[in-house]
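**Q** Next up, query.txt (compact mmCIF, C-alpha atoms).
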# COMPACT_ATOMS: atom_id res chain seq x y z
CA MET A 17 -99.99 47.70 -70.61
CA GLU A 18 -99.96 45.40 -73.60
CA LEU A 19 -99.00 41.86 -74.43
CA VAL A 20 -96.92 41.65 -77.60
CA VAL A 21 -96.03 38.34 -79.21
CA ARG A 22 -93.50 38.32 -82.05
CA ASP A 23 -92.56 35.36 -84.23
CA LEU A 24 -93.20 32.92 -81.39
CA THR A 25 -92.63 29.18 -81.69
CA VAL A 26 -94.06 26.98 -78.96
CA ALA A 27 -93.33 23.30 -78.40
CA ARG A 28 -95.00 20.48 -76.55
CA GLY A 29 -92.81 17.58 -75.45
CA GLY A 30 -89.94 18.93 -77.54
CA VAL A 31 -92.03 18.95 -80.75
CA PRO A 32 -92.93 22.36 -82.17
CA VAL A 33 -96.71 22.77 -82.48
CA LEU A 34 -97.10 26.41 -83.53
CA GLU A 35 -94.58 28.70 -85.17
CA GLY A 36 -94.37 32.26 -86.39
CA LEU A 37 -97.13 33.48 -84.08
CA GLY A 38 -97.54 37.19 -83.73
CA PHE A 39 -100.26 39.34 -82.19
CA THR A 40 -100.78 42.21 -79.81
CA LEU A 41 -103.26 42.36 -76.97
CA ARG A 42 -103.92 45.87 -75.64
CA ALA A 43 -105.74 47.02 -72.55
CA GLY A 44 -109.48 46.91 -73.08
CA GLU A 45 -109.32 44.13 -75.66
CA VAL A 46 -110.50 40.54 -75.74
CA LEU A 47 -108.83 38.12 -78.12
CA VAL A 48 -110.39 34.72 -78.72
CA LEU A 49 -108.06 31.88 -79.72
CA ARG A 50 -109.55 29.41 -82.15
CA GLY A 51 -108.24 26.18 -83.52
CA PRO A 52 -109.15 22.50 -83.59
CA ASN A 53 -108.29 20.14 -80.72
CA GLY A 54 -104.58 19.55 -80.42
CA SER A 55 -103.67 22.64 -82.41
CA GLY A 56 -101.59 24.05 -79.55
CA LYS A 57 -103.85 26.60 -77.87
CA THR A 58 -103.08 25.29 -74.38
CA THR A 59 -99.36 25.13 -75.14
CA LEU A 60 -99.46 28.74 -76.32
CA LEU A 61 -101.26 29.86 -73.17
CA ARG A 62 -98.87 27.94 -70.91
CA THR A 63 -95.92 29.54 -72.69
CA LEU A 64 -97.41 33.02 -72.28
CA ALA A 65 -98.09 32.27 -68.60
CA GLY A 66 -94.41 31.47 -68.16
CA LEU A 67 -94.86 27.80 -67.32
CA GLN A 68 -92.66 26.73 -70.22
CA PRO A 69 -90.03 28.58 -72.21
CA PRO A 70 -90.73 29.52 -75.84
CA MET A 71 -88.73 27.62 -78.43
CA ALA A 72 -88.11 30.76 -80.43
CA GLY A 73 -89.47 34.26 -80.67
CA GLU A 74 -90.35 36.85 -78.15
CA VAL A 75 -93.10 37.57 -75.66
CA SER A 76 -93.08 41.00 -74.11
CA LEU A 77 -95.39 41.98 -71.31
CA PRO A 78 -95.11 44.01 -68.12
CA PRO A 79 -94.11 41.87 -65.11
CA GLU A 80 -96.72 40.55 -62.66
CA THR A 81 -99.67 41.13 -64.96
CA ILE A 82 -100.78 37.62 -65.89
CA ALA A 83 -103.54 35.58 -64.30
CA TYR A 84 -103.69 32.11 -65.79
CA GLY A 85 -106.88 30.03 -65.74
CA ALA A 86 -106.02 26.43 -66.60
CA HIS A 87 -108.15 23.39 -67.41
CA ALA A 88 -107.92 22.34 -63.77
CA ASP A 89 -109.33 24.71 -61.20
CA GLY A 90 -106.77 23.99 -58.46
CA LEU A 91 -109.41 23.62 -55.77
CA LYS A 92 -108.84 21.84 -52.48
CA ALA A 93 -111.75 19.49 -51.86
CA GLN A 94 -111.45 19.70 -48.05
CA LEU A 95 -111.60 23.49 -47.94
CA SER A 96 -114.80 25.51 -48.21
CA VAL A 97 -115.56 27.81 -51.14
CA ALA A 98 -114.61 30.89 -49.12
CA GLU A 99 -111.40 29.29 -47.80
CA ASN A 100 -110.30 28.29 -51.30
CA LEU A 101 -110.87 31.78 -52.59
CA ALA A 102 -109.36 33.48 -49.53
CA PHE A 103 -106.16 31.47 -50.04
CA TRP A 104 -105.68 32.82 -53.57
CA ALA A 105 -106.70 36.30 -52.46
CA SER A 106 -103.92 36.31 -49.88
CA VAL A 107 -101.38 34.78 -52.29
CA TYR A 108 -102.06 37.70 -54.62
CA SER A 109 -102.26 40.07 -51.61
CA THR A 110 -105.68 41.39 -52.57
CA GLY A 111 -107.52 39.94 -49.59
CA GLU A 112 -111.02 40.76 -50.80
CA ILE A 113 -113.29 37.86 -51.83
CA GLU A 114 -116.86 39.14 -51.34
CA GLY A 115 -117.06 40.83 -54.74
CA ALA A 116 -115.80 37.74 -56.53
CA LEU A 117 -118.26 35.47 -54.66
CA GLN A 118 -121.10 37.77 -55.67
CA ASP A 119 -120.03 38.16 -59.30
CA MET A 120 -119.80 34.41 -59.79
CA ASN A 121 -123.06 33.78 -57.90
CA LEU A 122 -121.34 31.74 -55.16
CA SER A 123 -122.47 33.69 -52.09
CA GLY A 124 -124.98 31.01 -51.11
CA LEU A 125 -122.29 28.32 -51.28
CA ARG A 126 -119.54 30.07 -49.36
CA ASP A 127 -119.32 27.57 -46.48
CA ARG A 128 -119.75 24.44 -48.54
CA PRO A 129 -116.67 22.20 -48.94
CA ALA A 130 -115.41 22.24 -52.51
CA ALA A 131 -115.76 18.45 -52.54
CA ASN A 132 -119.55 18.83 -52.51
CA LEU A 133 -119.78 21.25 -55.43
CA SER A 134 -121.10 20.28 -58.85
CA ALA A 135 -118.79 20.47 -61.86
CA GLY A 136 -120.27 23.79 -62.95
CA GLN A 137 -120.04 25.25 -59.46
CA LYS A 138 -116.38 24.20 -59.23
CA ARG A 139 -115.74 25.91 -62.53
CA ARG A 140 -117.43 29.09 -61.27
CA LEU A 141 -115.20 28.99 -58.20
CA GLY A 142 -112.15 28.51 -60.45
CA LEU A 143 -113.19 31.56 -62.46
CA ALA A 144 -113.85 33.56 -59.29
CA ARG A 145 -110.16 33.03 -58.52
CA LEU A 146 -109.33 35.26 -61.51
CA LEU A 147 -111.35 38.08 -59.99
CA VAL A 148 -109.38 37.98 -56.72
CA THR A 149 -105.97 38.00 -58.42
CA GLY A 150 -106.29 41.67 -59.36
CA ARG A 151 -104.14 40.98 -62.43
CA PRO A 152 -104.93 42.87 -65.65
CA ILE A 153 -104.25 40.20 -68.29
CA TRP A 154 -106.32 37.02 -68.11
CA LEU A 155 -105.18 33.94 -70.02
CA LEU A 156 -108.08 31.52 -70.05
CA ASP A 157 -108.07 27.96 -71.28
CA GLU A 158 -111.58 26.72 -72.13
CA PRO A 159 -113.17 28.72 -69.30
CA THR A 160 -116.75 27.71 -70.12
CA VAL A 161 -116.38 23.93 -69.84
CA SER A 162 -119.27 22.47 -67.79
CA LEU A 163 -120.97 25.86 -67.38
CA ASP A 164 -124.69 26.22 -68.20
CA THR A 165 -126.03 29.05 -70.37
CA ALA A 166 -126.78 31.31 -67.41
CA SER A 167 -123.28 30.83 -65.98
CA VAL A 168 -121.69 31.49 -69.37
CA ALA A 169 -123.58 34.78 -69.47
CA LEU A 170 -122.41 35.51 -65.92
CA PHE A 171 -118.83 34.81 -66.95
CA ALA A 172 -119.13 36.92 -70.11
CA ALA A 173 -120.40 39.80 -67.97
CA CYS A 174 -117.33 39.43 -65.71
CA VAL A 175 -114.98 39.52 -68.69
CA ARG A 176 -116.81 42.58 -70.05
CA ALA A 177 -116.46 44.37 -66.69
CA HIS A 178 -112.79 43.38 -66.45
CA VAL A 179 -112.05 44.71 -69.92
CA ALA A 180 -114.05 47.89 -69.31
CA GLY A 181 -111.87 48.46 -66.25
CA GLY A 182 -108.71 48.48 -68.38
CA GLY A 183 -107.99 44.76 -68.34
CA ALA A 184 -107.46 42.39 -71.23
CA ALA A 185 -108.24 38.75 -71.87
CA LEU A 186 -106.92 36.04 -74.16
CA ILE A 187 -109.47 33.23 -74.24
CA ALA A 188 -109.18 29.83 -75.89
CA THR A 189 -112.73 28.69 -76.44
CA HIS A 190 -114.94 26.89 -78.94
CA ILE A 191 -118.20 28.66 -78.13
CA ASP A 192 -119.40 32.17 -78.82
CA LEU A 193 -119.30 34.18 -75.61
CA GLY A 194 -121.17 37.14 -77.09
CA LEU A 195 -118.24 39.45 -76.46
CA GLU A 196 -116.83 42.21 -78.63
CA ALA A 197 -113.73 40.24 -79.39
CA GLY A 198 -111.03 39.87 -81.97
CA ILE A 199 -110.52 36.36 -83.26
CA PHE A 200 -107.10 34.80 -83.66
CA ASP A 201 -107.11 31.49 -85.49
CA VAL A 202 -103.96 29.46 -84.77
CA THR A 203 -104.53 26.94 -87.58
CA PRO A 204 -102.33 28.73 -90.21
CA PHE A 205 -99.40 28.75 -87.79
CA LYS A 206 -99.22 24.99 -87.44
CA ALA A 207 -95.60 23.89 -87.24
CA ASP A 208 -94.08 20.98 -89.07
CA PRO A 209 -94.16 18.20 -86.44
CA HIS A 210 -91.35 16.27 -88.12
CA ARG A 211 -88.90 19.06 -87.53
CA ALA A 212 -88.22 18.05 -83.94
CA ALA A 213 -86.21 20.12 -81.52
CA GLU A 214 -82.47 20.08 -82.03
CA PRO A 215 -81.11 17.65 -79.47
CA GLY A 216 -78.33 18.56 -77.12
CA GLY A 217 -80.07 20.55 -74.41
CA PHE A 218 -79.11 19.29 -70.98
CA ASP A 219 -82.77 18.91 -69.98
CA GLU A 220 -83.61 16.89 -73.09
CA ALA A 221 -84.68 13.94 -70.97
CA PHE A 222 -87.37 16.03 -69.30
CA LEU A 223 -89.03 17.30 -72.49
CA MET B 26 -96.11 32.50 -48.55
CA ILE B 27 -97.53 32.41 -45.05
CA ALA B 28 -100.93 31.82 -46.70
CA LEU B 29 -99.51 28.69 -48.33
CA LEU B 30 -98.18 27.44 -44.98
CA ILE B 31 -101.54 28.04 -43.31
CA ARG B 32 -103.39 26.33 -46.13
CA ASP B 33 -101.13 23.27 -45.98
CA LEU B 34 -101.47 23.01 -42.20
CA ARG B 35 -105.24 23.38 -42.47
CA LEU B 36 -105.42 20.69 -45.16
CA SER B 37 -103.33 18.31 -43.07
CA VAL B 38 -105.73 18.42 -40.12
CA ARG B 39 -108.86 18.07 -42.28
CA ALA B 40 -110.24 14.67 -43.25
CA GLY B 41 -107.69 12.59 -45.14
CA GLY B 42 -104.90 15.06 -44.45
CA GLY B 43 -102.68 12.51 -42.74
CA PHE B 44 -101.92 14.41 -39.56
CA GLY B 45 -100.76 11.97 -36.87
CA LEU B 46 -100.21 9.19 -39.38
CA GLY B 47 -96.43 9.40 -39.08
CA LEU B 48 -96.68 9.61 -35.32
CA ALA B 49 -98.86 6.50 -35.11
CA PHE B 50 -96.44 4.65 -37.41
CA PHE B 51 -93.54 5.70 -35.19
CA LEU B 52 -95.36 4.44 -32.09
CA ILE B 53 -96.07 1.09 -33.70
CA VAL B 54 -92.43 0.65 -34.75
CA THR B 55 -91.22 1.34 -31.21
CA ILE B 56 -93.77 -1.11 -29.83
CA LEU B 57 -92.88 -3.83 -32.35
CA VAL B 58 -89.13 -3.76 -31.78
CA PRO B 59 -89.25 -5.04 -28.15
CA PHE B 60 -91.53 -7.85 -29.36
CA GLY B 61 -88.96 -8.83 -31.94
CA VAL B 62 -85.80 -8.31 -29.90
CA GLY B 63 -87.03 -9.57 -26.55
CA PRO B 64 -87.64 -7.79 -23.28
CA GLU B 65 -84.06 -7.52 -21.92
CA ALA B 66 -83.80 -3.92 -20.77
CA GLU B 67 -80.06 -3.78 -21.28
CA ILE B 68 -80.12 -4.71 -24.99
CA LEU B 69 -83.15 -2.51 -25.67
CA GLY B 70 -81.61 0.46 -23.93
CA ARG B 71 -78.47 0.09 -26.00
CA ILE B 72 -80.20 -0.09 -29.39
CA ALA B 73 -82.93 2.42 -28.51
CA PRO B 74 -81.32 5.55 -30.07
CA GLY B 75 -80.73 3.78 -33.38
CA ILE B 76 -84.21 2.22 -33.50
CA LEU B 77 -85.88 5.51 -32.62
CA TRP B 78 -83.91 7.28 -35.33
CA VAL B 79 -84.74 4.69 -37.99
CA GLY B 80 -88.39 4.74 -36.92
CA ALA B 81 -88.54 8.54 -37.14
CA LEU B 82 -86.90 8.47 -40.55
CA LEU B 83 -89.37 5.93 -41.93
CA ALA B 84 -92.29 7.80 -40.40
CA CYS B 85 -91.05 10.94 -42.13
CA LEU B 86 -90.88 9.10 -45.44
CA LEU B 87 -94.55 8.03 -45.26
CA SER B 88 -96.03 11.41 -46.09
CA LEU B 89 -93.35 12.75 -48.44
CA ASP B 90 -95.11 11.98 -51.72
CA ARG B 91 -98.05 14.14 -50.66
CA ILE B 92 -95.94 17.30 -50.50
CA PHE B 93 -96.36 18.17 -54.18
CA GLN B 94 -98.32 15.30 -55.72
CA LEU B 95 -101.78 16.42 -54.56
CA ASP B 96 -101.18 19.99 -55.71
CA PHE B 97 -99.90 18.70 -59.02
CA GLU B 98 -102.96 16.52 -59.57
CA ASP B 99 -105.57 19.18 -58.86
CA GLY B 100 -103.74 21.82 -60.89
CA SER B 101 -102.89 24.17 -58.04
CA LEU B 102 -99.16 23.68 -58.62
CA ASP B 103 -99.53 25.23 -62.10
CA LEU B 104 -101.46 28.11 -60.61
CA LEU B 105 -98.93 28.55 -57.80
CA ALA B 106 -96.13 28.65 -60.36
CA THR B 107 -97.84 31.59 -62.09
CA ALA B 108 -98.69 33.30 -58.79
CA PRO B 109 -96.51 36.03 -57.29
CA VAL B 110 -94.84 33.54 -54.95
CA PRO B 111 -91.24 32.56 -55.71
CA MET B 112 -91.10 28.82 -56.35
CA GLU B 113 -88.19 28.53 -53.89
CA GLY B 114 -90.32 30.13 -51.20
CA ALA B 115 -93.24 27.83 -51.96
CA VAL B 116 -90.96 24.80 -51.67
CA ALA B 117 -89.54 26.05 -48.37
CA MET B 118 -93.03 26.66 -46.99
CA LYS B 119 -94.16 23.18 -48.05
CA ALA B 120 -91.13 21.67 -46.31
CA VAL B 121 -91.86 23.71 -43.18
CA ALA B 122 -95.47 22.52 -43.24
CA HIS B 123 -94.28 18.91 -43.61
CA TRP B 124 -91.92 19.35 -40.66
CA LEU B 125 -94.60 20.91 -38.46
CA VAL B 126 -97.01 18.07 -39.29
CA THR B 127 -94.50 15.19 -39.15
CA GLY B 128 -91.05 16.08 -37.80
CA LEU B 129 -92.09 18.19 -34.84
CA PRO B 130 -94.61 15.67 -33.41
CA LEU B 131 -91.98 12.91 -33.82
CA THR B 132 -89.43 15.02 -31.96
CA LEU B 133 -91.85 15.74 -29.13
CA ALA B 134 -92.96 12.11 -28.87
CA ALA B 135 -89.52 10.47 -29.08
CA PRO B 136 -88.54 11.04 -25.42
CA LEU B 137 -91.87 9.51 -24.42
CA PHE B 138 -91.56 6.52 -26.74
CA GLY B 139 -87.99 6.05 -25.53
CA GLY B 140 -89.55 4.77 -22.30
CA LEU B 141 -91.03 1.86 -24.27
CA MET B 142 -87.48 0.93 -25.24
CA SER B 143 -86.17 1.04 -21.64
CA MET B 144 -84.22 4.19 -22.35
CA GLU B 145 -82.38 5.64 -19.37
CA ALA B 146 -82.90 9.15 -18.06
CA PRO B 147 -80.48 11.42 -20.01
CA GLY B 148 -81.22 9.52 -23.23
CA HIS B 149 -84.64 11.12 -23.55
CA TRP B 150 -83.16 14.56 -23.83
CA TRP B 151 -80.57 13.43 -26.31
CA MET B 152 -83.27 11.89 -28.52
CA PHE B 153 -85.25 15.12 -28.34
CA LEU B 154 -82.23 17.27 -29.14
CA THR B 155 -80.88 15.18 -32.03
CA LEU B 156 -84.30 14.80 -33.65
CA LEU B 157 -84.97 18.50 -33.24
CA LEU B 158 -81.76 19.23 -35.12
CA GLY B 159 -82.11 16.43 -37.68
CA THR B 160 -85.78 16.22 -38.71
CA PRO B 161 -85.79 19.57 -40.58
CA ALA B 162 -83.16 18.09 -42.89
CA LEU B 163 -85.36 15.02 -43.40
CA SER B 164 -88.30 17.21 -44.47
CA MET B 165 -86.19 19.39 -46.74
CA ILE B 166 -84.38 16.51 -48.46
CA GLY B 167 -87.75 14.79 -48.80
CA ALA B 168 -89.28 17.86 -50.43
CA PHE B 169 -86.45 17.83 -52.94
CA GLY B 170 -87.11 14.16 -53.73
CA ALA B 171 -90.83 14.85 -54.00
CA ALA B 172 -90.14 17.70 -56.45
CA LEU B 173 -88.05 15.36 -58.60
CA THR B 174 -90.73 12.69 -58.78
CA VAL B 175 -93.84 14.89 -59.01
CA GLY B 176 -95.99 13.91 -61.95
CA LEU B 177 -94.76 10.34 -62.13
CA LYS B 178 -97.43 7.73 -61.71
CA ARG B 179 -96.65 5.65 -58.62
CA GLY B 180 -93.73 7.91 -57.91
CA GLY B 181 -93.88 7.09 -54.20
CA LEU B 182 -91.65 4.02 -54.42
CA LEU B 183 -89.11 5.76 -56.61
CA LEU B 184 -89.18 8.63 -54.15
CA SER B 185 -88.27 6.29 -51.28
CA LEU B 186 -85.40 4.83 -53.28
CA LEU B 187 -84.11 8.31 -54.12
CA VAL B 188 -84.50 9.81 -50.70
CA LEU B 189 -83.42 7.05 -48.33
CA PRO B 190 -79.75 7.08 -49.42
CA LEU B 191 -79.76 10.86 -49.00
CA TYR B 192 -80.99 10.35 -45.44
CA VAL B 193 -77.97 8.23 -44.53
CA PRO B 194 -75.65 11.02 -43.26
CA THR B 195 -78.38 12.53 -41.10
CA LEU B 196 -79.16 9.10 -39.69
CA ILE B 197 -75.52 8.21 -38.97
CA PHE B 198 -74.68 11.42 -37.18
CA GLY B 199 -78.06 11.77 -35.47
CA ALA B 200 -78.06 8.25 -34.06
CA GLU B 201 -74.38 8.54 -33.16
CA ALA B 202 -74.96 11.77 -31.25
CA ALA B 203 -77.93 10.26 -29.41
CA ALA B 204 -76.01 7.07 -28.58
CA ARG B 205 -72.91 8.92 -27.35
CA GLY B 206 -74.98 11.35 -25.32
CA THR B 207 -76.95 8.51 -23.73
CA ALA B 208 -73.71 6.71 -22.83
CA GLY B 209 -72.38 9.88 -21.19
CA LEU B 210 -69.67 10.55 -23.80
CA ASP B 211 -68.90 13.79 -25.60
CA ALA B 212 -71.42 14.11 -28.45
CA SER B 213 -70.62 17.58 -29.74
CA THR B 214 -68.98 16.51 -33.04
CA PRO B 215 -71.87 14.39 -34.41
CA LEU B 216 -74.31 16.96 -33.06
CA LEU B 217 -72.56 19.71 -35.02
CA MET B 218 -72.56 17.50 -38.11
CA VAL B 219 -76.34 16.99 -37.87
CA ALA B 220 -76.85 20.71 -37.41
CA GLY B 221 -74.58 21.37 -40.39
CA ILE B 222 -76.48 18.95 -42.63
CA THR B 223 -79.76 20.62 -41.67
CA ALA B 224 -78.41 24.12 -42.24
CA GLY B 225 -76.94 23.08 -45.60
CA SER B 226 -80.11 21.42 -46.87
CA VAL B 227 -82.32 24.29 -45.77
CA ALA B 228 -80.02 26.75 -47.51
CA LEU B 229 -79.51 24.91 -50.80
CA LEU B 230 -82.29 22.42 -51.50
CA PRO B 231 -85.17 24.91 -51.98
CA PHE B 232 -83.37 26.13 -55.10
CA ALA B 233 -82.74 22.62 -56.41
CA ALA B 234 -86.33 21.55 -55.68
CA ALA B 235 -87.76 24.67 -57.35
CA ALA B 236 -85.69 24.00 -60.46
CA ALA B 237 -86.89 20.39 -60.55
CA LEU B 238 -90.52 21.53 -60.19
CA ARG B 239 -90.21 24.08 -63.00
CA ILE B 240 -88.90 21.39 -65.34
CA ASN B 241 -91.60 18.94 -64.28
CA LEU B 242 -94.35 21.51 -64.94
CA ARG B 243 -93.34 22.13 -68.56
Please go through the file and, once you have read it, give me the structure as structure tokens.

**A**
Amino acid sequence: MELVVRDLTVARGGVPVLEGLGFTLRAGEVLVLRGPNGSGKTTLLRTLAGLQPPMAGEVSLPPETIAYGAHADGLKAQLSVAENLAFWASVYSTGEIEGALQDMNLSGLRDRPAANLSAGQKRRLGLARLLVTGRPIWLLDEPTVSLDTASVALFAACVRAHVAGGGAALIATHIDLGLEAGIFDVTPFKADPHRAAEPGGFDEAFL
Amino acid sequence: MIALLIRDLRLSVRAGGGFGLGLAFFLIVTILVPFGVGPEAEILGRIAPGILWVGALLACLLSLDRIFQLDFEDGSLDLLATAPVPMEGAVAMKAVAHWLVTGLPLTLAAPLFGGLMSMEAPGHWWMFLTLLLGTPALSMIGAFGAALTVGLKRGGLLLSLLVLPLYVPTLIFGAEAAARGTAGLDASTPLLMVAGITAGSVALLPFAAAAALRINLR
């Protein structure tokens, strides 16, 4: 199981932001994406997650292996912590949420509506979703936003356990998680923004 | 996919979910019309099928923009798109949830509300039957419109403008079938047309709506 990216160009709103990207992520590895704000880390992750097509290049990965953790946690405010998590567990047909609740230190909050959680607690619940997906490759976009030091350590321990179990993670982050990780800086791959997409695609209006 | 249906149903009965909103709107419309038209039972009985159909259609429209908008705003639509659920299936489940929360209660209540419009005895059953056949199409067409406008700020008004013209065939044949049935005439042709529109939208629109959602998520 490995994620291979070759000569990839990704675009946001029809304008290329990164081009010529290439890296390989193998099982048991963590790769940290670096780059200033607006450099295209989120666009790259969304492309790898399959939410948008690449402009050029190739992404090869085994099917049904990606778990994407976005900026937004996708929580339903009216549902309790356990209900939110149980929904994702049944979408991914894993069904088991107790381990994830424990690993993210949410056991004491399981019956609380997500509306009443603090920002950090919501984030922990969002990250617990990754644990119930059972997917080997995690694509994480700024996973540590609004987490305190203890929760960051908790999260780092989860990533370590995931990787030790044969998983892999690609993490866009600005802070040091204290992980044994390769670093991939996207800055040298910045695309020329004036070279806009060739017009003519039928979905041009939607870009 | 069943998990998605259960979640949507659960959300709709929790606080702010909007369950019963369409039904209450429908009731108010059927109460208001006799005030406006006057109490003559003969006139009311004659226009009742049409009024009930228009009322049901507008009540259906009320909750359409919630189908995808809330999921889009809190990010769960992105996560659903990367989950092992086909987008077409997710759209179909969302339309089913919308029908169970809006269309089905309207269908069950219409024979009852028909009494407020001085509807005669066989008319109740015709209202029930035509709405039962027609409201699934309303939910499915509405889900397609909601998928097209997801992500637009204040997309609700645009959604109404897009969807209402698409509702016209269902309305024409549904109201016609109800009116003919109530008058004791043969209603099988408009009834078959309504059923055909529903079958066609349920078969085709999940694919169109899923394609629209994928483009809107880019």

**Q** Which protein, DNA or RNA residues are at most 7 Å from (-95.2, 22.3, -87.0) in the file's coordinates when you count only C-alpha atoms, listed as a compact mmCIF listing (two decimals) with C-alpha atoms, keeping the file's coordinate frame?

**A**
# COMPACT_ATOMS: atom_id res chain seq x y z
CA PRO A 32 -92.93 22.36 -82.17
CA VAL A 33 -96.71 22.77 -82.48
CA LEU A 34 -97.10 26.41 -83.53
CA GLU A 35 -94.58 28.70 -85.17
CA LYS A 206 -99.22 24.99 -87.44
CA ALA A 207 -95.60 23.89 -87.24
CA ASP A 208 -94.08 20.98 -89.07
CA PRO A 209 -94.16 18.20 -86.44

**Q** Which neighbours of B:Ala236 fall inside 10 Å, counting all atoms listed in the file, when residues of the same chain fewer than 2 positions from it are skipped, and could you give them as a list in words?

**A**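 Returned residues: Met112, Glu113, Phe169, Ala172, Leu173, Leu230, Pro231, Phe232, Ala233, Ala234, Leu238, Arg239, Ile240 and Asn241 of chain B.
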
**Q** Which value, in Å to one decimal, gives the distance between atom CA of A:Ala86 and atom CA of A:Leu156?

**A**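 Computing the Euclidean distance for atom CA of A:Ala86 and atom CA of A:Leu156 yields 6.5 Å.
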
**Q** Within 8 Å of B:Ala134, counting only C-alpha atoms, which residues show up once you throw out same-chain ones fewer than 4 positions away? Write them as a PDB file with C-alpha atoms, in the coordinates of the input, please.

**A**
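The resulting result-v1.pdb:
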ATOM      1  CA  LEU B  48     -96.680   9.610 -35.320  1.00  0.00           C
ATOM      2  CA  PRO B 130     -94.610  15.670 -33.410  1.00  0.00           C
ATOM      3  CA  PHE B 138     -91.560   6.520 -26.740  1.00  0.00           C
TER       4      PHE B 138
END

**Q** Taking 5 positions as the minimum chain separation for residues in the same chain, which residues sit within 12 Å of stretch 189-203 of chain A when counting all atoms listed in the file? Answer as an NGL selection string.

**A** :A and (24-26 or 33-42 or 44-61 or 87 or 155-161 or 163 or 165-177 or 179-180 or 184)

**Q** Residues of chain A within 9 Å of chain B, counting all atoms listed in the file, what are they? List them as a ChimeraX atom specification.

**A** /A:28-29,62-63,65-69,80,82-92,94-95,99-100,103-104,106-108,149,219,222-223

**Q** Counting only C-alpha atoms, find the residues whose atoms lie at most 12 Å from (-72.2, 21.0, -35.5) (file coordinates) and write them out as a ChimeraX atom specification.

**A** /B:155,158-159,195,198-199,202,212-225
